[in-house]
$ cat input-v2.txt   # compact mmCIF, C-alpha atoms
# COMPACT_ATOMS: atom_id res chain seq x y z
CA MET A 208 73.67 -54.01 -118.56
CA THR A 209 73.48 -51.05 -116.16
CA SER A 210 76.26 -49.65 -114.01
CA PRO A 211 76.24 -49.69 -110.19
CA SER A 212 78.13 -46.37 -110.14
CA ASP A 213 76.27 -43.22 -109.09
CA PRO A 214 76.48 -40.84 -112.08
CA GLN A 215 75.43 -37.76 -110.12
CA LEU A 216 78.20 -36.13 -108.10
CA GLY A 217 76.18 -33.63 -106.06
CA MET A 218 72.80 -33.40 -104.41
CA TYR A 219 70.15 -30.75 -104.90
CA SER A 220 66.72 -30.01 -103.51
CA HIS A 221 64.73 -33.05 -104.63
CA ILE A 222 62.39 -34.12 -101.78
CA ASN A 223 60.83 -32.28 -98.81
CA GLY A 224 62.47 -28.95 -97.91
CA HIS A 225 61.11 -25.42 -97.74
CA PRO A 226 57.52 -25.02 -99.02
CA ALA A 227 58.76 -22.62 -101.71
CA ASP A 228 61.16 -25.29 -103.01
CA VAL A 229 58.40 -27.91 -103.01
CA LEU A 230 56.18 -25.55 -105.02
CA ASP A 231 58.96 -24.90 -107.54
CA ARG A 232 59.58 -28.63 -107.97
CA LEU A 233 55.87 -29.31 -108.46
CA THR A 234 55.73 -26.55 -111.07
CA VAL A 235 58.66 -28.08 -112.99
CA SER A 236 57.10 -31.56 -112.77
CA GLU A 237 53.99 -30.11 -114.44
CA LEU A 238 56.16 -28.98 -117.35
CA CYS A 239 57.59 -32.50 -117.68
CA LYS A 240 54.19 -34.17 -117.68
CA GLY A 241 53.02 -31.80 -120.38
CA TRP A 242 55.09 -33.73 -122.95
CA PRO A 243 53.08 -36.99 -122.89
CA VAL A 244 49.77 -35.27 -122.18
CA TYR A 245 49.92 -32.51 -124.78
CA ARG A 246 52.09 -33.91 -127.58
CA ASP A 247 50.28 -37.24 -127.74
CA ALA A 248 46.94 -35.43 -128.03
CA SER A 249 48.25 -32.88 -130.59
CA GLU A 250 47.46 -30.02 -128.19
CA TRP A 251 50.15 -27.94 -129.85
CA LYS A 252 49.41 -24.58 -128.21
CA ASN A 253 49.54 -26.14 -124.75
CA PHE A 254 52.67 -28.10 -125.71
CA ARG A 255 54.44 -24.98 -127.00
CA SER A 256 53.62 -23.10 -123.79
CA LEU A 257 55.93 -25.42 -121.83
CA PHE A 258 59.06 -24.07 -123.53
CA CYS A 259 61.25 -21.00 -123.78
CA HIS A 260 61.18 -19.17 -127.10
CA ASP A 261 64.64 -20.58 -127.99
CA ALA A 262 64.22 -24.14 -126.69
CA PHE A 263 65.72 -27.25 -128.33
CA VAL A 264 64.76 -30.92 -128.12
CA TRP A 265 66.45 -34.17 -129.15
CA THR A 266 64.66 -37.40 -130.12
CA THR A 267 65.70 -40.52 -132.01
CA TRP A 268 63.68 -39.83 -135.13
CA SER A 269 63.87 -36.01 -135.26
CA LYS A 270 67.46 -35.54 -134.07
CA ARG A 271 68.05 -32.02 -132.72
CA GLN A 272 65.28 -29.54 -133.42
CA THR A 273 64.20 -26.11 -132.26
CA ILE A 274 60.94 -26.49 -130.39
CA ASP A 275 59.02 -24.90 -133.26
CA GLY A 276 60.80 -27.14 -135.76
CA PHE A 277 59.99 -30.17 -133.62
CA ILE A 278 56.31 -29.28 -133.53
CA GLN A 279 56.32 -28.89 -137.30
CA VAL A 280 58.01 -32.25 -138.01
CA SER A 281 55.73 -33.89 -135.44
CA LYS A 282 52.70 -32.62 -137.33
CA GLU A 283 54.18 -33.84 -140.59
CA GLY A 284 54.92 -37.25 -139.09
CA LYS A 285 51.40 -37.61 -137.71
CA SER A 286 49.96 -36.66 -141.10
CA ARG A 287 51.97 -39.55 -142.62
CA GLY A 288 50.72 -41.98 -140.01
CA ASP A 289 53.43 -41.88 -137.33
CA PHE A 290 51.78 -43.16 -134.14
CA ILE A 291 53.91 -42.40 -131.06
CA MET A 292 52.58 -42.43 -127.51
CA HIS A 293 54.28 -41.91 -124.14
CA ARG A 294 53.54 -43.50 -120.76
CA GLU A 295 54.82 -41.47 -117.83
CA CYS A 296 56.19 -43.78 -115.12
CA GLY A 297 57.23 -41.22 -112.50
CA THR A 298 58.79 -37.76 -112.28
CA LEU A 299 61.14 -36.11 -109.78
CA VAL A 300 62.97 -32.80 -109.96
CA ASP A 301 66.43 -31.59 -108.95
CA LEU A 302 66.25 -27.90 -108.00
CA ASN A 303 68.95 -25.37 -107.20
CA PRO A 304 67.12 -22.53 -105.41
CA GLN A 305 70.17 -20.23 -105.65
CA THR A 306 70.57 -20.37 -109.44
CA ARG A 307 66.83 -20.79 -110.15
CA ARG A 308 67.62 -23.78 -112.33
CA ALA A 309 66.02 -27.23 -112.31
CA VAL A 310 66.21 -30.55 -114.12
CA GLY A 311 63.04 -32.62 -114.36
CA LYS A 312 63.67 -36.38 -114.57
CA MET A 313 60.72 -38.25 -116.06
CA LYS A 314 60.80 -42.02 -116.43
CA ALA A 315 58.67 -42.97 -119.41
CA THR A 316 57.96 -45.63 -122.00
CA ILE A 317 57.84 -44.57 -125.63
CA THR A 318 55.47 -46.86 -127.49
CA GLN A 319 55.23 -46.57 -131.26
CA ARG A 320 53.03 -48.60 -133.56
CA PHE A 321 54.24 -49.91 -136.92
CA THR A 322 52.54 -51.80 -139.75
CA ILE A 323 54.14 -54.02 -142.37
CA PRO A 324 51.69 -54.08 -145.30
CA GLY A 325 50.14 -57.39 -146.30
CA ASP A 326 49.37 -58.77 -149.76
CA VAL A 327 45.67 -59.02 -150.54
CA GLU A 328 46.19 -61.11 -153.69
CA ARG A 329 48.23 -63.67 -151.77
CA GLY A 330 45.96 -63.56 -148.75
CA VAL A 331 48.74 -62.24 -146.51
CA GLU A 332 47.52 -60.15 -143.60
CA PRO A 333 49.45 -57.01 -142.55
CA ILE A 334 51.72 -57.36 -139.53
CA VAL A 335 51.03 -54.79 -136.81
CA PHE A 336 53.51 -54.44 -133.95
CA ASP A 337 54.66 -51.98 -131.32
CA VAL A 338 58.13 -51.07 -130.17
CA ASP A 339 58.27 -50.12 -126.48
CA CYS A 340 61.32 -48.19 -125.31
CA ASP A 341 61.97 -47.48 -121.62
CA CYS A 342 63.73 -44.16 -121.22
CA ARG A 343 64.23 -41.12 -119.02
CA PHE A 344 63.39 -37.63 -120.24
CA HIS A 345 65.52 -34.80 -118.86
CA PHE A 346 63.97 -31.34 -118.91
CA PHE A 347 66.49 -28.52 -118.40
CA CYS A 348 64.37 -25.77 -116.87
CA LEU A 349 64.93 -22.21 -115.69
CA GLN A 350 62.95 -19.46 -114.09
CA GLN A 351 62.52 -16.38 -116.26
CA PRO A 352 60.39 -13.23 -116.37
CA ALA A 353 56.79 -14.11 -117.15
CA ALA A 354 55.27 -13.31 -120.51
CA TYR A 355 52.87 -10.99 -118.71
CA ALA A 356 54.56 -8.57 -116.32
CA GLU A 357 51.88 -8.90 -113.64
CA ASP A 358 52.69 -12.62 -113.31
CA GLY A 359 56.25 -11.95 -112.11
CA VAL A 360 58.32 -15.01 -113.01
CA GLU A 361 57.60 -18.44 -114.50
CA TRP A 362 59.36 -21.76 -115.09
CA LYS A 363 60.01 -22.88 -118.67
CA VAL A 364 61.87 -25.70 -120.45
CA ARG A 365 65.05 -24.77 -122.32
CA TYR A 366 66.27 -28.21 -123.43
CA VAL A 367 64.91 -31.76 -123.55
CA LYS A 368 67.14 -34.77 -124.05
CA LEU A 369 66.62 -38.42 -123.17
CA ILE A 370 68.64 -41.32 -121.83
CA TYR A 371 67.45 -44.57 -123.43
CA ASP A 372 67.43 -47.71 -121.25
CA LYS A 373 66.09 -50.68 -123.23
CA ASP A 374 63.51 -51.54 -125.85
CA LYS A 375 61.60 -54.48 -127.28
CA VAL A 376 59.26 -55.51 -130.09
CA VAL A 377 55.68 -56.28 -129.00
CA PRO A 378 53.28 -58.22 -131.27
CA VAL A 379 49.90 -56.49 -131.21
CA ASP A 380 47.97 -59.72 -131.87
CA GLY A 381 50.19 -61.71 -129.50
CA LYS A 382 51.39 -63.96 -132.33
CA ALA A 383 53.40 -62.34 -135.12
CA ALA A 384 56.31 -59.90 -134.89
CA PRO A 385 59.17 -58.92 -137.19
CA THR A 386 62.76 -59.98 -136.60
CA PHE A 387 65.34 -57.37 -137.59
CA SER A 388 68.66 -58.61 -138.91
CA GLU A 389 71.70 -58.23 -136.66
CA ASP A 390 73.35 -56.06 -139.32
CA VAL A 391 70.49 -53.57 -138.96
CA LEU A 392 70.30 -53.66 -135.17
CA LYS A 393 74.00 -53.07 -134.60
CA ARG A 394 73.73 -49.68 -136.32
CA TYR A 395 71.98 -48.34 -133.23
CA PRO A 396 72.85 -48.25 -129.50
CA LYS A 397 71.43 -51.08 -127.41
CA GLY A 398 69.10 -48.75 -125.53
CA TYR A 399 67.00 -48.02 -128.63
CA ARG A 400 68.13 -50.40 -131.37
CA TYR A 401 64.69 -51.86 -132.15
CA LEU A 402 63.07 -48.44 -132.05
CA GLY A 403 65.78 -47.04 -134.30
CA ALA A 404 65.51 -49.89 -136.81
CA ALA A 405 61.72 -49.62 -136.98
CA GLN A 406 61.77 -45.81 -137.31
CA ARG A 407 64.36 -46.11 -140.09
CA MET A 408 61.91 -48.46 -141.82
CA LEU A 409 59.57 -45.43 -142.02
CA GLY A 410 62.31 -43.32 -143.61
CA HIS A 411 63.51 -41.39 -140.56
CA ASP A 412 67.19 -40.50 -140.29
CA VAL A 413 67.66 -41.85 -136.77
CA ASP A 414 70.19 -40.24 -134.43
CA LYS A 415 72.80 -42.89 -133.53
CA PHE A 416 74.58 -40.87 -130.82
CA LEU A 417 72.03 -40.46 -128.04
CA PRO A 418 72.81 -41.44 -124.43
CA THR A 419 71.95 -44.91 -123.17
CA ILE A 420 72.40 -46.45 -119.75
CA GLN A 421 73.89 -49.63 -121.17
CA GLY A 422 77.68 -49.67 -121.11
CA PRO A 423 79.88 -51.84 -123.36
CA GLU A 424 80.56 -54.33 -120.57
CA LYS A 425 78.82 -55.57 -117.43
CA GLY A 426 78.97 -52.90 -114.74
CA ALA A 427 80.54 -50.31 -117.05
CA SER A 428 79.22 -46.76 -117.34
CA HIS A 429 78.31 -45.49 -120.79
CA SER A 430 80.30 -42.35 -121.63
CA LEU A 431 77.28 -40.48 -123.03
CA TRP A 432 75.31 -41.35 -119.88
CA LEU A 433 78.00 -39.80 -117.70
CA ASP A 434 78.27 -36.81 -120.04
CA MET A 435 74.54 -36.12 -119.63
CA TYR A 436 74.89 -36.02 -115.86
CA GLU A 437 77.84 -33.64 -116.17
CA LYS A 438 75.70 -31.34 -118.33
CA MET A 439 72.92 -31.51 -115.73
CA ARG A 440 75.43 -30.48 -113.05
CA GLN A 441 76.62 -27.55 -115.16
CA TRP A 442 73.05 -26.44 -115.77
CA LEU A 443 71.99 -26.68 -112.13
CA ASP A 444 75.11 -24.87 -110.97
CA GLY A 445 74.16 -21.90 -113.14
CA LYS A 446 76.40 -22.13 -116.20
CA GLU A 447 75.18 -19.52 -118.67
CA ASP A 448 74.61 -22.16 -121.33
CA ILE A 449 75.55 -25.78 -121.92
CA ASP A 450 76.42 -27.79 -125.00
CA LEU A 451 74.19 -30.85 -125.20
CA SER A 452 75.67 -32.11 -128.45
CA SER A 453 76.86 -35.70 -128.11
CA PRO A 454 80.63 -36.35 -128.18
CA VAL A 455 81.56 -39.04 -130.71
CA HIS A 456 84.77 -40.67 -131.91
CA GLY A 457 87.61 -38.40 -132.97
CA GLY A 458 86.70 -35.62 -130.54
CA LYS A 459 83.91 -34.36 -132.78
CA THR A 460 80.36 -33.72 -131.64
CA THR A 461 76.97 -34.23 -133.18
CA ASN A 462 75.00 -31.10 -134.03
CA GLY A 463 74.90 -28.74 -131.06
CA ASN A 464 72.38 -26.37 -129.55
CA GLY A 465 72.16 -23.46 -131.91
CA ARG A 466 73.51 -23.90 -135.42
CA GLY A 467 74.02 -26.52 -138.10
CA ASP A 468 71.84 -28.86 -140.10
CA LEU A 469 68.68 -29.57 -138.17
CA ARG A 470 67.41 -32.42 -140.29
CA GLY A 471 70.38 -34.43 -141.53
CA ASN A 472 70.31 -36.70 -144.57
CA VAL A 473 68.78 -40.13 -144.97
CA ASN A 474 71.52 -42.38 -146.25
CA ASP A 475 71.03 -45.84 -144.69
CA ASP A 476 69.57 -48.75 -146.57
CA ASN A 477 66.07 -49.76 -145.56
CA SER A 478 65.94 -52.16 -142.61
CA SER A 479 65.84 -55.82 -143.59
CA LEU A 480 63.53 -57.92 -141.49
CA LYS A 481 61.46 -61.05 -141.48
CA VAL A 482 58.26 -61.97 -139.69
CA THR A 483 58.14 -64.63 -137.01
CA ALA A 484 55.18 -66.21 -135.29
CA LEU A 485 55.17 -66.54 -131.49
CA HIS A 486 53.93 -69.79 -129.98
$ encode --input "input-v2.txt" --output "structure tokens"
Amino acid sequence: MTSPSDPQLGMYSHINGHPADVLDRLTVSELCKGWPVYRDASEWKNFRSLFCHDAFVWTTWSKRQTIDGFIQVSKEGKSRGDFIMHRECGTLVDLNPQTRRAVGKMKATITQRFTIPGDVERGVEPIVFDVDCDCRFHFFCLQQPAAYAEDGVEWKVRYVKLIYDKDKVVPVDGKAAPTFSEDVLKRYPKGYRYLGAAQRMLGHDVDKFLPTIQGPEKGASHSLWLDMYEKMRQWLDGKEDIDLSSPVHGGKTTNGNGRGDLRGNVNDDNSSLKVTALH
């Protein structure tokens, strides 16, 4: 369930306003849209050009990565058959003209295809299914000196982190889809539990501490959801740097922005599932 509470305390330039502000917001929205357009098409040079040299991104399957590390593991995943697409559903930008900071908010659907191998000898066909996950990308952007002095300044992405809303399994043939056991699903937050279980099936060490809009009870606000909005406020208000690591039980945090193990270790058992036919 979602919360009726407004998670954002302040307001920033987000619609209308001075033409210069509108142009800045349009520029940042271009950066946001570059993720689905360039990454999905493996246009790696164009994709890399969206980011600062020291940018970091967080995803379910990659956990925290430097932007160059993320591009590398994305290439490796695609070479193994990972098939992840993104549908942009709308983008708006919060801009603070005084601090020259912005946060791009892009509603999107992650759609990833999975295949459970069949058995030729037994005449069992492979099961092909998608997992669709509705989410919101947040692009923490800043204006910095341009790479070429004659260009003055330019907007770039420093951090990307998502809030996950809800997900579902979609049978590609409209008939057969896997059913993950409850023991497997409860390892992951409700916002991306099917996506997490299916990605774990491929061997990925899925991050279990990413923000989701779904609180523990009806109408409740998820703590990581509120924490993300607090980090957006800090960024927009000009804090020198922010810590986007996720707070977890015991006051500890998951790996932060600059140091620590970037990959993690795979230690879960493989997801148990069965196949059901839809009628």
$ residues_around --input "input-v2.txt" --residues "segment 285-301 of chain A" --least-positions-apart "3" --cutoff "6 Å" --atoms "all atoms listed in the file" --output "PDB file with C-alpha atoms, keeping the file's coordinate frame"
ATOM      1  CA  TYR A 219      70.150 -30.750-104.900  1.00  0.00           C
ATOM      2  CA  SER A 220      66.720 -30.010-103.510  1.00  0.00           C
ATOM      3  CA  HIS A 221      64.730 -33.050-104.630  1.00  0.00           C
ATOM      4  CA  ARG A 232      59.580 -28.630-107.970  1.00  0.00           C
ATOM      5  CA  PRO A 243      53.080 -36.990-122.890  1.00  0.00           C
ATOM      6  CA  ASP A 247      50.280 -37.240-127.740  1.00  0.00           C
ATOM      7  CA  LYS A 282      52.700 -32.620-137.330  1.00  0.00           C
ATOM      8  CA  ALA A 309      66.020 -27.230-112.310  1.00  0.00           C
ATOM      9  CA  VAL A 310      66.210 -30.550-114.120  1.00  0.00           C
ATOM     10  CA  GLY A 311      63.040 -32.620-114.360  1.00  0.00           C
ATOM     11  CA  LYS A 312      63.670 -36.380-114.570  1.00  0.00           C
ATOM     12  CA  MET A 313      60.720 -38.250-116.060  1.00  0.00           C
ATOM     13  CA  LYS A 314      60.800 -42.020-116.430  1.00  0.00           C
ATOM     14  CA  ALA A 315      58.670 -42.970-119.410  1.00  0.00           C
ATOM     15  CA  THR A 316      57.960 -45.630-122.000  1.00  0.00           C
ATOM     16  CA  ILE A 317      57.840 -44.570-125.630  1.00  0.00           C
ATOM     17  CA  THR A 318      55.470 -46.860-127.490  1.00  0.00           C
ATOM     18  CA  GLN A 319      55.230 -46.570-131.260  1.00  0.00           C
ATOM     19  CA  ARG A 320      53.030 -48.600-133.560  1.00  0.00           C
TER      20      ARG A 320
END
$ closest_residue --input "input-v2.txt" --among "A:Leu409, A:Val280, A:Ile334, A:Ala353" --to "Lys382 of chain A" --atoms "only C-alpha atoms"
A:Ile334
$ atom_distance --input "input-v2.txt" --atom1 "atom CA of Asp341 of chain A" --atom2 "atom CA of Arg308 of chain A"
26.1 Å
$ closest_residue --input "input-v2.txt" --among "A:Asp450, A:Asp374, A:Asp444, A:Asp414" --to "Thr306 of chain A" --atoms "all atoms listed in the file"
A:Asp444
$ atom_distance --input "input-v2.txt" --atom1 "atom CA of Leu369 of chain A" --atom2 "atom CA of Arg343 of chain A"
5.5 Å
$ build_atoms --input "input-v2.txt" --residues "segment 240-258 of chain A" --atoms "N, CA, C and O atoms" --output "PDB file, in the frame of the given file"
ATOM      1  N   LYS A 240      55.357 -33.353-117.355  1.00  0.00           N
ATOM      2  CA  LYS A 240      54.190 -34.170-117.680  1.00  0.00           C
ATOM      3  C   LYS A 240      53.412 -33.629-118.869  1.00  0.00           C
ATOM      4  O   LYS A 240      52.599 -34.342-119.473  1.00  0.00           O
ATOM      5  N   GLY A 241      53.680 -32.362-119.210  1.00  0.00           N
ATOM      6  CA  GLY A 241      53.020 -31.800-120.380  1.00  0.00           C
ATOM      7  C   GLY A 241      53.432 -32.471-121.673  1.00  0.00           C
ATOM      8  O   GLY A 241      52.672 -32.452-122.652  1.00  0.00           O
ATOM      9  N   TRP A 242      54.651 -33.069-121.705  1.00  0.00           N
ATOM     10  CA  TRP A 242      55.090 -33.730-122.950  1.00  0.00           C
ATOM     11  C   TRP A 242      54.156 -34.874-123.330  1.00  0.00           C
ATOM     12  O   TRP A 242      53.590 -34.869-124.436  1.00  0.00           O
ATOM     13  N   PRO A 243      53.975 -35.895-122.481  1.00  0.00           N
ATOM     14  CA  PRO A 243      53.080 -36.990-122.890  1.00  0.00           C
ATOM     15  C   PRO A 243      51.616 -36.561-123.008  1.00  0.00           C
ATOM     16  O   PRO A 243      50.898 -37.055-123.883  1.00  0.00           O
ATOM     17  N   VAL A 244      51.177 -35.658-122.149  1.00  0.00           N
ATOM     18  CA  VAL A 244      49.770 -35.270-122.180  1.00  0.00           C
ATOM     19  C   VAL A 244      49.440 -34.446-123.423  1.00  0.00           C
ATOM     20  O   VAL A 244      48.461 -34.718-124.137  1.00  0.00           O
ATOM     21  N   TYR A 245      50.250 -33.441-123.711  1.00  0.00           N
ATOM     22  CA  TYR A 245      49.920 -32.510-124.780  1.00  0.00           C
ATOM     23  C   TYR A 245      50.391 -32.979-126.157  1.00  0.00           C
ATOM     24  O   TYR A 245      49.642 -32.878-127.134  1.00  0.00           O
ATOM     25  N   ARG A 246      51.614 -33.499-126.260  1.00  0.00           N
ATOM     26  CA  ARG A 246      52.090 -33.910-127.580  1.00  0.00           C
ATOM     27  C   ARG A 246      51.289 -35.082-128.115  1.00  0.00           C
ATOM     28  O   ARG A 246      50.917 -35.105-129.290  1.00  0.00           O
ATOM     29  N   ASP A 247      51.008 -36.072-127.265  1.00  0.00           N
ATOM     30  CA  ASP A 247      50.280 -37.240-127.740  1.00  0.00           C
ATOM     31  C   ASP A 247      48.888 -36.885-128.235  1.00  0.00           C
ATOM     32  O   ASP A 247      48.349 -37.537-129.132  1.00  0.00           O
ATOM     33  N   ALA A 248      48.292 -35.846-127.647  1.00  0.00           N
ATOM     34  CA  ALA A 248      46.940 -35.430-128.030  1.00  0.00           C
ATOM     35  C   ALA A 248      46.940 -34.337-129.095  1.00  0.00           C
ATOM     36  O   ALA A 248      45.875 -33.828-129.454  1.00  0.00           O
ATOM     37  N   SER A 249      48.108 -33.959-129.599  1.00  0.00           N
ATOM     38  CA  SER A 249      48.250 -32.880-130.590  1.00  0.00           C
ATOM     39  C   SER A 249      47.717 -31.545-130.070  1.00  0.00           C
ATOM     40  O   SER A 249      47.228 -30.717-130.847  1.00  0.00           O
ATOM     41  N   GLU A 250      47.833 -31.315-128.765  1.00  0.00           N
ATOM     42  CA  GLU A 250      47.460 -30.020-128.190  1.00  0.00           C
ATOM     43  C   GLU A 250      48.679 -29.094-128.322  1.00  0.00           C
ATOM     44  O   GLU A 250      49.387 -28.813-127.352  1.00  0.00           O
ATOM     45  N   TRP A 251      48.896 -28.596-129.537  1.00  0.00           N
ATOM     46  CA  TRP A 251      50.150 -27.940-129.850  1.00  0.00           C
ATOM     47  C   TRP A 251      50.338 -26.616-129.131  1.00  0.00           C
ATOM     48  O   TRP A 251      51.456 -26.259-128.751  1.00  0.00           O
ATOM     49  N   LYS A 252      49.261 -25.858-128.922  1.00  0.00           N
ATOM     50  CA  LYS A 252      49.410 -24.580-128.210  1.00  0.00           C
ATOM     51  C   LYS A 252      49.812 -24.831-126.762  1.00  0.00           C
ATOM     52  O   LYS A 252      50.690 -24.150-126.224  1.00  0.00           O
ATOM     53  N   ASN A 253      49.163 -25.800-126.122  1.00  0.00           N
ATOM     54  CA  ASN A 253      49.540 -26.140-124.750  1.00  0.00           C
ATOM     55  C   ASN A 253      50.967 -26.693-124.694  1.00  0.00           C
ATOM     56  O   ASN A 253      51.735 -26.376-123.779  1.00  0.00           O
ATOM     57  N   PHE A 254      51.321 -27.522-125.670  1.00  0.00           N
ATOM     58  CA  PHE A 254      52.670 -28.100-125.710  1.00  0.00           C
ATOM     59  C   PHE A 254      53.711 -26.999-125.862  1.00  0.00           C
ATOM     60  O   PHE A 254      54.714 -26.973-125.135  1.00  0.00           O
ATOM     61  N   ARG A 255      53.466 -26.062-126.772  1.00  0.00           N
ATOM     62  CA  ARG A 255      54.440 -24.980-127.000  1.00  0.00           C
ATOM     63  C   ARG A 255      54.614 -24.115-125.768  1.00  0.00           C
ATOM     64  O   ARG A 255      55.704 -23.601-125.509  1.00  0.00           O
ATOM     65  N   SER A 256      53.564 -23.968-124.963  1.00  0.00           N
ATOM     66  CA  SER A 256      53.620 -23.100-123.790  1.00  0.00           C
ATOM     67  C   SER A 256      54.556 -23.614-122.711  1.00  0.00           C
ATOM     68  O   SER A 256      54.903 -22.876-121.786  1.00  0.00           O
ATOM     69  N   LEU A 257      55.010 -24.864-122.820  1.00  0.00           N
ATOM     70  CA  LEU A 257      55.930 -25.420-121.830  1.00  0.00           C
ATOM     71  C   LEU A 257      57.336 -24.865-121.973  1.00  0.00           C
ATOM     72  O   LEU A 257      58.115 -24.903-121.021  1.00  0.00           O
ATOM     73  N   PHE A 258      57.675 -24.319-123.161  1.00  0.00           N
ATOM     74  CA  PHE A 258      59.060 -24.070-123.530  1.00  0.00           C
ATOM     75  C   PHE A 258      59.412 -22.591-123.625  1.00  0.00           C
ATOM     76  O   PHE A 258      58.546 -21.747-123.893  1.00  0.00           O
TER      77      PHE A 258
END
